[in-house]
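J.: Provided herewith is a single structure, encoded as structure tokens, for subsequent inquiry.
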Amino acid sequence: MESLVPVPVVLPLLAAALKLAIGGRLRRTQAFISVGTLAVVLAVSLALLVAADRQGPLVTNAGGWPAPFGISLVADRLATVMLTVSSAVTLCVMVFSQAQAYADQEQAAPLAIFHPAYLIMSAGVSDAFLTGDLFNLFVAFEMLLSGSYVLLTFGGTESRVRAGATYAVVALVSSMLFLVAIAVTYGATGTVSMAQLAERFTPLPGSVRLLVELTLLLVFVVKAAVFPMSGWLPDSYPTAPAPATALFAGLLTKVGVYSIIRLEALLFPGGPVGGLLMWAALATMLLGVLGAAAQTDIKRMLSFTLVSHIGYMVFGVALFSIGGMAGAVLYTVHHITVQTSLFLVAGMIERRTGTTSVDRLGGLLGLAPLISVLFFVPAMNLAGIPPMSGFLGKLALVRAGVADGSPMALTLVAGGLVTSLLTLYAVAMTWNRAFWRTPPPDVAGAGTVLEGEESPEDEEGSEEAGGSGEHGGPGETHGSGEPRGPGEPGAGRARGTEGITGREIVTSVRMPPPMIGATAALVALGLSYTVLAGPLSAFTVRTAAELLARRPYISAVLGSGR
């Protein structure tokens with residue numbers, strides 16, 4: 001079984017190389033390669049999850065070099081559950097993106113560029129979860145950066161490039177800090193193997209340990225978008241194509257959360273920064289959800305709730321108890337699935353109506369009942385309505401906080417409850433305005449042309465064609481001179497909505513079945529956590545116990561004699 005450990009990293013890289021070699025040709029073959037690769041990765045991840053739970057951590061040494069001289073890939077319970085959920089999410093989002101590209105007639109560019117970048121990012125996520133080497137974790141982050149930057153700026157529109165520049169600057173600064181931390185770590189301990197670091201950090205002077213811990217924590221806090229390092233996220237994610245936004249929301253911040261869990265549990269158990277993490281968790285929850293409650297755009301609202309709910313995960317880590325760690329793992333698994341599905345639904349809303357601004361939406365429950373259901377279920381799950389998995393994760397964290405009993409832990413419990421109520425308020429307001437109220441008169445009908453960002457030449461061409469305005473309206477006519485109806489093709493234009501490549505697309509009443517199927521699969525996966533609440537909770541407790549014990553991980557990597 002150890003031979004399967006590198007597959008989630010190596011297979012997507014090989015598939016990406018093959019797709020780059022093929023280019024934009026053989027569209028069906030390329031689609032099969034992408035979906036088939038991610039399906040195999042999901043199957044392997046499930047096999048590793050079962051094996052790690054039954055046998056303990058599985059270890060593979062790259063190139064046959066034993067640790068600490070080589071790079072170890074370690075599949076323990078935490079790594080495999082994160083790997084399995086992330087594999088399911090990447091597969092569903094890939095199916096969604098292919099359906100969107102085919103529906104928008106954007107086949108060539110996504111296959112030639114979007115999908116290889118997507119596969120590279122998927123490999124980076126897998127590598128981050130599996131690596132047992134601090135420097136290789138840096139490499140995994142760089143793989144994530146290269147792939148995600150391409151996805152974020154895909155199409156080259158002004159808004160995407162501007163958001164991508166912010167994202168890239170933040171990522172590069174955190175990467176430089178990561179290199180500094182690695183250099184300090186190696187200078188102090190002579191190794192970057194995480195298992196060996198767990199042993200060598202203990203006898204170091206407290207000031208050196210604190211310096212390394214704070215530097216590494218700062219890096220991972222930026223990646224996870226924990227306050228005060230979370231300001232970049234709400235401005236970066238909403239501009240990307242819908243599949244990329246969904247993937248970023250579900251996975252990229254969770255790689256940072258995973259790194260924080262690994263850092264605090266394996267390298268610095270019971271370190272002095274627990275109180276600092278508690279304050280950061282409280283601020284992240286409350287400030288994020290207050291931002292969400294103030295938004296009038298669905299994507300931005302979801303981006304702020306994404307930031308807010310990262311605080312729940314940091315809350316569990318800061319408690320540094322089996323209950324707290326188990327709650328953090330359970331909530332992370334839940335949040336990956338639910339947040340991804342909500343962003344995919346937001347993409348379908350934009351495709352149906354031309355906007356995600358609730359000021360311009362209304363009546364979606366009657367116009368698009370299936371989309372409405374697909375939004376309502378994960379939205380209630382995110383808000384923590386019993387007996388959904390969001391409620392179960394928050395309940396586990398509340399119980400752990402009450403069991404801790406310290407004033408700060410009880411303050412976090414209160415903050416978590418307030419955050420949950422405000423999350424319910426934010427999603428309920430979105431539901432009321434976008435789905436229940438009477439549609440505004442200017443809501444886009446089916447067949448409306450949705451534009452990306454026109455060049456000045458395009459705008460001049462539109463004016464010369466005799467249109468009365470860039471948004472259409474009463475003066476816009478057919479070629480025969482008769483005015484267009486509000487539901488007819490080309491009846492109006494809605495700026496700011498783009499396909500995967502940033503080209504104009506057309507609204508549609510009927511979503512491509514694979515888009516609906518992929519989103520529904522993620523919604524169903526989120527609901528399955530409720531059905532499997534008992535086994536899943538027991539698994540997260542075993543995961544937390546293994547994390548805090550540390551010895552199973554160290555012995556698996558360095559040998560049973562350590």
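Letters for chains follow the order of the structure tokens (A, B, ...), residue numbers begin at 1 for each chain, and ligand numbers begin at 1 in the order shown.
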Write out as a list of chain:residue names the set of residues from range 85-325 of chain A that DSSP, computed on the backbone, places in strand (DSSP E or B).
T.: A:Thr131, A:Asp133, A:Ser193, A:Asp297
J.: Could those selected residues go to a file with N, CA, C and O atoms, as a PDB file, in the first residue's frame?
T.:
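Ended up saving to result-v2.pdb:
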```
ATOM      1  N   THR A 131       3.435  15.565   2.359  1.00  0.00           N
ATOM      2  CA  THR A 131       4.870  15.703   2.592  1.00  0.00           C
ATOM      3  C   THR A 131       5.231  15.633   4.076  1.00  0.00           C
ATOM      4  O   THR A 131       4.498  16.107   4.941  1.00  0.00           O
ATOM      5  N   ASP A 133       8.380  16.700   4.829  1.00  0.00           N
ATOM      6  CA  ASP A 133       9.606  17.489   4.737  1.00  0.00           C
ATOM      7  C   ASP A 133       9.240  18.966   4.665  1.00  0.00           C
ATOM      8  O   ASP A 133       8.383  19.360   3.852  1.00  0.00           O
ATOM      9  N   SER A 193      13.457  17.502   7.962  1.00  0.00           N
ATOM     10  CA  SER A 193      12.502  16.404   8.103  1.00  0.00           C
ATOM     11  C   SER A 193      11.594  16.691   9.299  1.00  0.00           C
ATOM     12  O   SER A 193      12.068  16.920  10.414  1.00  0.00           O
ATOM     13  N   ASP A 297     -23.306  41.298  -2.651  1.00  0.00           N
ATOM     14  CA  ASP A 297     -22.933  40.405  -3.745  1.00  0.00           C
ATOM     15  C   ASP A 297     -22.715  39.016  -3.174  1.00  0.00           C
ATOM     16  O   ASP A 297     -22.035  38.851  -2.146  1.00  0.00           O
TER      17      ASP A 297
END
```
J.: Can you list, as a VMD selection string, every protein, DNA or RNA residue that comes within 7 Å of range 135-138 of chain A when you count only C-alpha atoms, leaving out same-chain residues fewer than 3 positions away?
T.: chain A and resid 128 131 141 to 142 182 192
J.: Using N, CA and C atoms, can you write the selected residues to a file as a CSV table (one decimal), in the first residue's frame?
T.:
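The resulting file, out04.csv, is shown below:
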```csv
chain,number,residue,atom,x,y,z
A,128,ALA,N,1.2,19.0,-0.5
A,128,ALA,CA,1.2,19.7,0.8
A,128,ALA,C,0.6,18.8,1.9
A,131,THR,N,3.4,15.6,2.4
A,131,THR,CA,4.9,15.7,2.6
A,131,THR,C,5.2,15.6,4.1
A,141,PHE,N,3.7,24.6,-1.9
A,141,PHE,CA,3.1,25.9,-1.9
A,141,PHE,C,3.4,26.6,-3.2
A,142,GLU,N,4.6,26.4,-3.7
A,142,GLU,CA,5.0,27.1,-5.0
A,142,GLU,C,4.2,26.5,-6.1
A,182,ILE,N,12.7,28.4,7.0
A,182,ILE,CA,13.3,27.1,6.7
A,182,ILE,C,14.8,27.3,7.0
A,192,VAL,N,15.4,19.3,7.9
A,192,VAL,CA,14.1,19.8,7.6
A,192,VAL,C,13.1,18.7,7.5
```
J.: Dump as JSON lines the rows for residues of range 14-69 of chain A within 12 Å of range 195-208 of chain A: closest atom pair and distance in Å with one decimal, only C-alpha atoms counted, ordered by chain and rising residue number.
T.:
```
{"residue": "A:Val59", "atom": "CA", "partner": "A:Ala195", "partner_atom": "CA", "distance": 11.6}
{"residue": "A:Ala67", "atom": "CA", "partner": "A:Gln196", "partner_atom": "CA", "distance": 8.4}
{"residue": "A:Pro68", "atom": "CA", "partner": "A:Gln196", "partner_atom": "CA", "distance": 6.8}
{"residue": "A:Phe69", "atom": "CA", "partner": "A:Gln196", "partner_atom": "CA", "distance": 10.5}
```
J.: Neighbouring residues of Leu177 in chain A were defined as those with any atom within 8 Å, considering only C-alpha atoms; residues of the same chain fewer than 6 positions away were excluded. Please report them as a list in words.
T.: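 Listing them by chain and then by number gives Thr215, Leu216 and Val219 of chain A.
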J.: Do you know which residues are at most 12 Å from Ser174 in chain A counting only C-alpha atoms, after dropping those on the same chain fewer than 6 positions away, and could you put them as a list in words?
T.: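 Here the answer would be Phe138, Phe141, Glu142, Leu145, Tyr167, Ala168, Val180, Ala181, Thr215, Leu216, Leu217, Leu218, Val219, Phe220, Val221, Val222, Lys223, Ala224, Ala225, Met229 and Gly256 of chain A.
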J.: Applying 12 Å and only C-alpha atoms, which residues near Gly415 in chain A remain after dropping the ones on its own chain fewer than 6 positions away? List them as a ChimeraX atom specification.
T.: /A:278-289,308-309,311-312,315,394,397-398,401,408-409,421-422
J.: Write the selection just made, keeping N, CA, C and O atoms, as a CSV table (one decimal), in the first residue's frame?
T.:
```
chain,number,residue,atom,x,y,z
A,278,MET,N,-5.9,31.9,19.9
A,278,MET,CA,-7.3,32.1,20.4
A,278,MET,C,-7.8,33.5,20.0
A,278,MET,O,-8.9,33.6,19.5
A,279,TRP,N,-7.0,34.5,20.3
A,279,TRP,CA,-7.4,35.8,19.9
A,279,TRP,C,-7.6,36.0,18.4
A,279,TRP,O,-8.5,36.6,17.9
A,280,ALA,N,-6.7,35.4,17.6
A,280,ALA,CA,-6.8,35.4,16.2
A,280,ALA,C,-8.0,34.7,15.7
A,280,ALA,O,-8.7,35.2,14.8
A,281,ALA,N,-8.3,33.6,16.3
A,281,ALA,CA,-9.6,32.9,15.9
A,281,ALA,C,-10.8,33.7,16.2
A,281,ALA,O,-11.7,33.8,15.3
A,282,LEU,N,-10.9,34.3,17.4
A,282,LEU,CA,-12.0,35.2,17.7
A,282,LEU,C,-12.2,36.3,16.7
A,282,LEU,O,-13.3,36.6,16.2
A,283,ALA,N,-11.1,37.0,16.5
A,283,ALA,CA,-11.2,38.2,15.5
A,283,ALA,C,-11.5,37.7,14.1
A,283,ALA,O,-12.3,38.4,13.4
A,284,THR,N,-11.0,36.6,13.7
A,284,THR,CA,-11.3,36.1,12.4
A,284,THR,C,-12.8,35.8,12.2
A,284,THR,O,-13.4,36.1,11.2
A,285,MET,N,-13.3,35.1,13.2
A,285,MET,CA,-14.8,34.7,13.2
A,285,MET,C,-15.6,36.0,13.1
A,285,MET,O,-16.5,36.1,12.2
A,286,LEU,N,-15.4,36.9,14.0
A,286,LEU,CA,-16.4,38.0,14.2
A,286,LEU,C,-16.2,39.0,13.1
A,286,LEU,O,-17.2,39.5,12.5
A,287,LEU,N,-15.0,39.4,12.7
A,287,LEU,CA,-14.8,40.4,11.7
A,287,LEU,C,-15.2,39.9,10.3
A,287,LEU,O,-15.8,40.6,9.5
A,288,GLY,N,-14.9,38.6,10.1
A,288,GLY,CA,-15.3,38.0,8.8
A,288,GLY,C,-16.8,38.0,8.6
A,288,GLY,O,-17.3,38.3,7.6
A,289,VAL,N,-17.5,37.6,9.7
A,289,VAL,CA,-19.0,37.4,9.5
A,289,VAL,C,-19.6,38.8,9.5
A,289,VAL,O,-20.7,39.0,8.8
A,308,SER,N,-14.4,34.0,7.8
A,308,SER,CA,-15.0,33.9,9.2
A,308,SER,C,-14.9,32.5,9.7
A,308,SER,O,-14.5,32.3,10.8
A,309,HIS,N,-15.2,31.5,8.9
A,309,HIS,CA,-15.3,30.2,9.4
A,309,HIS,C,-13.9,29.5,9.5
A,309,HIS,O,-13.8,28.4,10.1
A,311,GLY,N,-11.9,30.8,11.3
A,311,GLY,CA,-11.7,31.0,12.8
A,311,GLY,C,-12.1,29.8,13.6
A,311,GLY,O,-11.5,29.5,14.6
A,312,TYR,N,-13.2,29.1,13.2
A,312,TYR,CA,-13.6,27.9,13.9
A,312,TYR,C,-12.5,26.9,13.9
A,312,TYR,O,-12.2,26.2,14.9
A,315,PHE,N,-9.8,27.9,16.2
A,315,PHE,CA,-10.3,27.8,17.5
A,315,PHE,C,-10.0,26.4,18.1
A,315,PHE,O,-9.4,26.2,19.2
A,394,LYS,N,-19.6,22.5,14.8
A,394,LYS,CA,-19.6,23.6,15.8
A,394,LYS,C,-19.9,23.0,17.2
A,394,LYS,O,-19.3,23.5,18.2
A,397,LEU,N,-16.8,21.7,18.7
A,397,LEU,CA,-15.9,22.8,19.1
A,397,LEU,C,-16.4,23.4,20.4
A,397,LEU,O,-15.6,23.7,21.3
A,398,VAL,N,-17.7,23.6,20.5
A,398,VAL,CA,-18.3,24.2,21.7
A,398,VAL,C,-18.1,23.3,22.9
A,398,VAL,O,-17.7,23.8,24.0
A,401,GLY,N,-14.5,23.6,23.9
A,401,GLY,CA,-14.2,24.9,24.6
A,401,GLY,C,-14.8,24.9,26.0
A,401,GLY,O,-14.1,25.4,26.9
A,408,MET,N,-10.7,32.5,28.2
A,408,MET,CA,-10.6,32.7,26.8
A,408,MET,C,-11.3,31.7,26.0
A,408,MET,O,-11.9,32.0,24.9
A,409,ALA,N,-11.3,30.4,26.4
A,409,ALA,CA,-12.0,29.3,25.7
A,409,ALA,C,-13.5,29.6,25.7
A,409,ALA,O,-14.2,29.4,24.7
A,421,LEU,N,-24.9,32.6,14.4
A,421,LEU,CA,-26.1,33.4,14.2
A,421,LEU,C,-26.0,34.4,13.1
A,421,LEU,O,-26.9,34.6,12.3
A,422,LEU,N,-24.9,35.1,13.1
A,422,LEU,CA,-24.7,36.1,12.0
A,422,LEU,C,-24.5,35.5,10.7
A,422,LEU,O,-24.9,36.1,9.6
```
J.: Which residues, written as a PyMOL selection string, have at least one atom at most 9 Å from Pro116 in chain A, with only C-alpha atoms counted and residues fewer than 4 positions away on the same chain left out?
T.: chain A and resi 12-13+15-20+34+110-112+120-121+147
J.: So the first atom is CA of Ala434 in chain A and the second is CA of His335 in chain A; what is the distance between them in Å, to one decimal place?
T.: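 Calculated distance between CA of Ala434 in chain A and CA of His335 in chain A is 23.0 Å.
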J.: Counting only C-alpha atoms, figure out which residue out of A:Ala556, A:Ile33, A:Leu361, A:Leu14 gets nearest to Glu2 in chain A.
T.: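 Among the listed residues, A:Ala556 lies closest to Glu2 in chain A.
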J.: Out of A:Phe435, A:Gly64, A:Leu319, A:Phe391, which residue has the shortest atom-to-atom distance to Phe376 in chain A when counting only C-alpha atoms?
T.: A:Phe435
J.: Write out as number ranges by chain the residues lying within 12 Å of Ala544 in chain A, counting only C-alpha atoms and excluding same-chain residues fewer than 6 positions away.
T.: A: 76-79, 261-262, 265-266, 316-317, 319-330, 537-538, 550
J.: How many Å lie between CA of Met429 in chain A and CA of Glu350 in chain A, rounded to one decimal?
T.: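 Those two atoms sit 17.9 Å apart.
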J.: Can you pull out every residue from range 193-228 of chain A that DSSP, working from the backbone, puts in helix (DSSP H, G or I), and format the result as a VMD selection string?
T.: chain A and resid 194 to 200 206 to 224
J.: Output N, CA and C atoms of each residue in that selection to a file, as a CSV table (one decimal), in the first residue's frame.
T.:
```csv
chain,number,residue,atom,x,y,z
A,194,MET,N,10.3,16.7,9.1
A,194,MET,CA,9.4,17.1,10.2
A,194,MET,C,9.5,16.1,11.3
A,195,ALA,N,9.6,14.8,11.0
A,195,ALA,CA,9.7,13.8,12.1
A,195,ALA,C,10.9,14.1,13.0
A,196,GLN,N,12.1,14.4,12.3
A,196,GLN,CA,13.3,14.7,13.1
A,196,GLN,C,13.2,16.0,13.8
A,197,LEU,N,12.6,17.0,13.1
A,197,LEU,CA,12.4,18.3,13.8
A,197,LEU,C,11.6,18.2,15.1
A,198,ALA,N,10.6,17.3,15.1
A,198,ALA,CA,9.8,17.1,16.3
A,198,ALA,C,10.7,16.7,17.5
A,199,GLU,N,11.8,16.0,17.2
A,199,GLU,CA,12.7,15.6,18.3
A,199,GLU,C,13.7,16.6,18.6
A,200,ARG,N,14.2,17.3,17.6
A,200,ARG,CA,15.3,18.3,17.8
A,200,ARG,C,14.9,19.6,18.3
A,206,GLY,N,14.4,28.3,24.4
A,206,GLY,CA,13.0,28.8,24.2
A,206,GLY,C,12.9,29.9,23.2
A,207,SER,N,13.9,30.8,23.2
A,207,SER,CA,13.8,32.0,22.3
A,207,SER,C,13.9,31.5,20.8
A,208,VAL,N,14.8,30.5,20.6
A,208,VAL,CA,14.9,30.0,19.2
A,208,VAL,C,13.7,29.3,18.7
A,209,ARG,N,13.1,28.5,19.6
A,209,ARG,CA,11.9,27.8,19.3
A,209,ARG,C,10.7,28.8,19.0
A,210,LEU,N,10.7,29.8,19.8
A,210,LEU,CA,9.6,30.8,19.6
A,210,LEU,C,9.8,31.5,18.3
A,211,LEU,N,11.0,31.9,18.0
A,211,LEU,CA,11.3,32.6,16.7
A,211,LEU,C,10.8,31.8,15.5
A,212,VAL,N,11.2,30.5,15.5
A,212,VAL,CA,10.9,29.6,14.4
A,212,VAL,C,9.4,29.4,14.3
A,213,GLU,N,8.8,29.2,15.5
A,213,GLU,CA,7.3,28.9,15.5
A,213,GLU,C,6.5,30.1,15.0
A,214,LEU,N,6.9,31.3,15.5
A,214,LEU,CA,6.2,32.5,15.1
A,214,LEU,C,6.3,32.8,13.6
A,215,THR,N,7.5,32.6,13.1
A,215,THR,CA,7.8,32.8,11.6
A,215,THR,C,7.0,31.8,10.8
A,216,LEU,N,7.0,30.5,11.1
A,216,LEU,CA,6.2,29.6,10.4
A,216,LEU,C,4.8,29.8,10.5
A,217,LEU,N,4.3,30.2,11.7
A,217,LEU,CA,2.9,30.5,11.9
A,217,LEU,C,2.4,31.6,11.1
A,218,LEU,N,3.3,32.7,11.0
A,218,LEU,CA,2.9,33.8,10.2
A,218,LEU,C,2.7,33.4,8.7
A,219,VAL,N,3.6,32.6,8.2
A,219,VAL,CA,3.5,32.1,6.9
A,219,VAL,C,2.1,31.4,6.7
A,220,PHE,N,1.8,30.5,7.6
A,220,PHE,CA,0.6,29.6,7.4
A,220,PHE,C,-0.7,30.5,7.7
A,221,VAL,N,-0.6,31.5,8.6
A,221,VAL,CA,-1.7,32.3,8.8
A,221,VAL,C,-2.1,33.1,7.6
A,222,VAL,N,-1.0,33.6,6.8
A,222,VAL,CA,-1.3,34.3,5.6
A,222,VAL,C,-2.0,33.3,4.6
A,223,LYS,N,-1.5,32.1,4.5
A,223,LYS,CA,-2.1,31.1,3.5
A,223,LYS,C,-3.5,30.8,3.9
A,224,ALA,N,-3.8,30.7,5.2
A,224,ALA,CA,-5.1,30.3,5.7
A,224,ALA,C,-6.1,31.5,5.7
```
J.: Restricting the calculation to only C-alpha atoms, which member of A:Ile113, A:Leu130, A:Leu522, A:Ile22 is positioned closest to Asn61 in chain A?
T.: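 So, comparing all the options, the nearest one is A:Leu130.
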J.: One decimal, in Å: what's the spacing between CA of Ser406 in chain A and CA of Leu263 in chain A?
T.: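 So the answer is 23.1 Å.
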